[in-house]
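Okay, structure first, notes after.
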Amino acid sequence: MTDAGKKKAVGLPLPLMQGLHGEFYGHCAAGRLSFQRCSDCGRWRHVPREICPACSSWNWSWEQSSGRGTVYTYTIAERPMHPAFAERCPYAVVVVEMEEGVRLLSRVVDCPPSELEIGAAVKVDFEDVGSTAAGKVLLPVFRRG
Ligand SMILES: [Zn+2]
């Protein structure tokens, strides 16, 4: 192989493991999908933030999700937005609506894009995508069922 034919390996971009996002991914690394839940009105929320969008309360806790949801919508990525995704294309970028009412951007790993259906039942799994100084990074992904 010539030098011109060699592809430089590019790692996946990893989340910043800081603040509330670091806490969210810390739960994922422990094998739990958890979301913030308002201690005053009970509403679940995602992405992580300090204040409840429903009642403006600052009181909340992390609570574990059932891990079950449905495909809310999806799109097919035909071209990579980052070199690390080049060999995965085409792949589906999926919005999953969880039973708790929050929506999560993810992938359905056991379903080719041509078989995806809006409304399909999915359940969470975790994909080990590498490590940062803060430890292992596991991303929530989904499987049919
Ligand atoms: Zn609230």
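Residues are referred to by chain and number: the chain letter is A, B, ... according to the order shown in the structure tokens, the number counts from 1 in that chain, and ligands are numbered separately from 1 in the order shown.
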
Counting only C-alpha atoms and all ligand atoms, which residues in chain A sit no more than 7 Å from ligand 1? For each one, give the nearest pair of atoms and the distance in Å, sorted by chain then residue number, as a Markdown table.
| residue | atom | partner | partner_atom_place_in_ligand_line | distance |
| --- | --- | --- | --- | --- |
| A:Cys38 | CA | ligand 1 | 1 (Zn) | 4.6 |
| A:Ser39 | CA | ligand 1 | 1 (Zn) | 6.7 |
| A:Asp40 | CA | ligand 1 | 1 (Zn) | 5.2 |
| A:Cys41 | CA | ligand 1 | 1 (Zn) | 4.0 |
| A:Gly42 | CA | ligand 1 | 1 (Zn) | 6.0 |
| A:Arg43 | CA | ligand 1 | 1 (Zn) | 5.6 |
| A:Cys52 | CA | ligand 1 | 1 (Zn) | 4.7 |
| A:Pro53 | CA | ligand 1 | 1 (Zn) | 6.7 |
| A:Ala54 | CA | ligand 1 | 1 (Zn) | 5.0 |
| A:Cys55 | CA | ligand 1 | 1 (Zn) | 4.2 |
| A:Ser56 | CA | ligand 1 | 1 (Zn) | 6.0 |
| A:Ser57 | CA | ligand 1 | 1 (Zn) | 5.3 |

Store the residues picked out above in a file with C-alpha atoms, as a JSON list (two decimals), in the first residue's frame.
[["chain", "number", "residue", "atom", "x", "y", "z"],
["A", 38, "CYS", "CA", -38.10, 17.70, 38.72],
["A", 39, "SER", "CA", -38.63, 17.19, 42.46],
["A", 40, "ASP", "CA", -41.54, 19.64, 42.47],
["A", 41, "CYS", "CA", -43.68, 18.88, 39.40],
["A", 42, "GLY", "CA", -42.28, 15.42, 38.54],
["A", 43, "ARG", "CA", -41.44, 16.24, 34.91],
["A", 52, "CYS", "CA", -37.25, 22.74, 35.15],
["A", 53, "PRO", "CA", -38.75, 24.04, 31.89],
["A", 54, "ALA", "CA", -42.27, 23.35, 33.22],
["A", 55, "CYS", "CA", -42.25, 24.98, 36.67],
["A", 56, "SER", "CA", -38.85, 26.74, 36.90],
["A", 57, "SER", "CA", -37.84, 24.75, 39.98]]

Proximity check stretch 45-81 of chain A to stretch 137-145 of chain A, 10 Å, nearest pairs one decimal Å, only C-alpha atoms, as CSV:
residue,atom,partner,partner_atom,distance
A:Gly67,CA,A:Phe142,CA,8.9
A:Arg68,CA,A:Gly145,CA,8.7
A:Gly69,CA,A:Phe142,CA,9.0
A:Thr70,CA,A:Arg144,CA,9.2
A:Val71,CA,A:Phe142,CA,9.6

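Using only C-alpha atoms, the nearest neighbour of A:Tyr25 within the list A:Pro113, A:Trp62, A:Trp44, A:Val10 is A:Trp62.
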
Which residues are near A:Val93? Cut-off 8 Å, only C-alpha atoms, ignore same chain within fewer than 6 positions. Put them as number ranges by chain. A: 74-77, 105-107

With N, CA, C and O atoms retained, could you export that selection as an mmCIF file, in the first residue's frame?
data_model
loop_
_atom_site.group_PDB
_atom_site.id
_atom_site.type_symbol
_atom_site.label_atom_id
_atom_site.label_comp_id
_atom_site.auth_asym_id
_atom_site.auth_seq_id
_atom_site.Cartn_x
_atom_site.Cartn_y
_atom_site.Cartn_z
ATOM 1 N N TYR A 74 -36.436 9.840 12.368
ATOM 2 C CA TYR A 74 -35.040 9.534 12.021
ATOM 3 C C TYR A 74 -34.700 10.165 10.683
ATOM 4 O O TYR A 74 -35.588 10.582 9.932
ATOM 5 N N THR A 75 -33.396 10.238 10.426
ATOM 6 C CA THR A 75 -32.911 10.660 9.116
ATOM 7 C C THR A 75 -31.721 9.780 8.761
ATOM 8 O O THR A 75 -31.094 9.198 9.647
ATOM 9 N N ILE A 76 -31.444 9.662 7.484
ATOM 10 C CA ILE A 76 -30.333 8.829 7.045
ATOM 11 C C ILE A 76 -29.140 9.726 6.716
ATOM 12 O O ILE A 76 -29.265 10.645 5.901
ATOM 13 N N ALA A 77 -28.000 9.447 7.368
ATOM 14 C CA ALA A 77 -26.761 10.164 7.050
ATOM 15 C C ALA A 77 -26.068 9.408 5.928
ATOM 16 O O ALA A 77 -25.602 8.285 6.115
ATOM 17 N N LEU A 105 -31.328 11.639 21.143
ATOM 18 C CA LEU A 105 -30.723 11.404 19.834
ATOM 19 C C LEU A 105 -29.789 10.208 19.944
ATOM 20 O O LEU A 105 -28.912 10.191 20.810
ATOM 21 N N SER A 106 -29.960 9.202 19.086
ATOM 22 C CA SER A 106 -29.166 7.991 19.233
ATOM 23 C C SER A 106 -29.181 7.202 17.920
ATOM 24 O O SER A 106 -29.410 7.771 16.845
ATOM 25 N N ARG A 107 -28.922 5.894 18.025
ATOM 26 C CA ARG A 107 -28.950 4.987 16.886
ATOM 27 C C ARG A 107 -29.672 3.711 17.296
ATOM 28 O O ARG A 107 -29.667 3.347 18.462
#

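Neighbours of A:Gln64 closer than or equal to 9 Å, with only C-alpha atoms counted and sequence neighbours fewer than 4 positions away skipped, come out as His27, Arg32, Leu33, Ser34, Phe35 and Gln36 of chain A.
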